[in-house]
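The structure appears below as structure tokens.
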Amino acid sequence: MKKFLTRFVLIVILGSLGIFLFVCVFPATFLLQERHKSQAKAKAVTLNLIKPSFEDFVAYRIDHGQSGISRNYPQYYEKLAEYMPQKAEAHALLGFCYYHTGKREEAKAAFIRAIQLNPDFFWTPFNLGVIYFYQDRYQEADVMLRRALALKPEATLKTIFSSKIYGEIIRSAKNFDYAVEENLKAGYRDAYRLLLLTSDQLNKSHRAPPDVSRQQILIQFF
């Protein structure tokens, strides 16, 4: 009799638990999934509405900023960094946009965040090194440039070609015969050249800052 009662109670408990899961938990889980889907769709719609022309973006990079950069770019990458906060590329590109729209401190903060998320990407410490150099902050420039030069180019290329965020730009870059690999090689040469100038300033700090404007060492996205 006791065994029967024990089994009966167990069946009732399990049945009640099943009803609870069916009535409460499963619908709640479904609603939560639908909510996430709706939010993802809303974010995609927002990004598509403000997405700029990446051909103009690449053209701006190639002509060294002579064409000017639209305010649409910072707006787009601000949203991208908000929606995808763990994507280093979003923060790196936001830093590029901030820098070229005159927001130097915001640019540095974005690049620092990008380095935290992906410490193996050459262009972010390089860009920070360039910014620090032109601000006469040679110690910080030295650290960033050495960090950039210590990185393997293969890791940077892997990030560029596997990233959907960079992929949007690469598809437009093909129309300009833009060679990612060759530009990366040039970046390493520029980093080394700038490091020599930085080291010279640190060793002879009484000297006036060097004029490197004609050498066109600029921050870049890749």
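The way I read the labels, and the way they are meant: chains A, B, ... in the order of the structure tokens, residue 1 as the first residue of every chain, and ligand 1 as the first ligand shown, with later ones counted on from there.
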Report as a list in words all protein, DNA and RNA residues lying within 8 Å of segment 134-141 of chain A, evaluated on only C-alpha atoms, omitting residues in the same chain fewer than 6 positions from it.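 Non-adjacent residues within range: Leu128, Leu195, Thr198, Ser199, Gln201, Leu202 and Pro209 of chain A.
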Save out the residues we just selected, C-alpha atoms, as an mmCIF file, in the first residue's frame.
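Written file, part_16.cif:
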```cif
data_model
loop_
_atom_site.group_PDB
_atom_site.id
_atom_site.type_symbol
_atom_site.label_atom_id
_atom_site.label_comp_id
_atom_site.auth_asym_id
_atom_site.auth_seq_id
_atom_site.Cartn_x
_atom_site.Cartn_y
_atom_site.Cartn_z
ATOM 1 C CA LEU A 128 47.055 54.614 -31.567
ATOM 2 C CA LEU A 195 59.232 54.097 -34.246
ATOM 3 C CA THR A 198 59.803 58.228 -31.745
ATOM 4 C CA SER A 199 62.953 56.647 -30.298
ATOM 5 C CA GLN A 201 62.603 61.972 -29.599
ATOM 6 C CA LEU A 202 62.810 59.885 -26.434
ATOM 7 C CA PRO A 209 59.061 67.536 -32.795
#
```
For Ala148 of chain A: contacts at 7 Å, only C-alpha atoms, fewer than 6 positions along chain excluded, given as JSON, numbers by chain: {"A": [122, 125, 126]}
Counting only C-alpha atoms, what is within 12 Å of Pro85 of chain A, bar same-chain residues fewer than 5 positions away, as a list in words? Tyr77, Glu78, Lys79, Leu80, Ala90, His91, Ala92, Leu94, Ala110, Arg113, Ala114, Gln116 and Leu117 of chain A
Find, counting only C-alpha atoms, the residue in A:Tyr166, A:Phe111, A:Phe161, A:Tyr188 that gets nearest to Leu145 of chain A. A:Tyr188
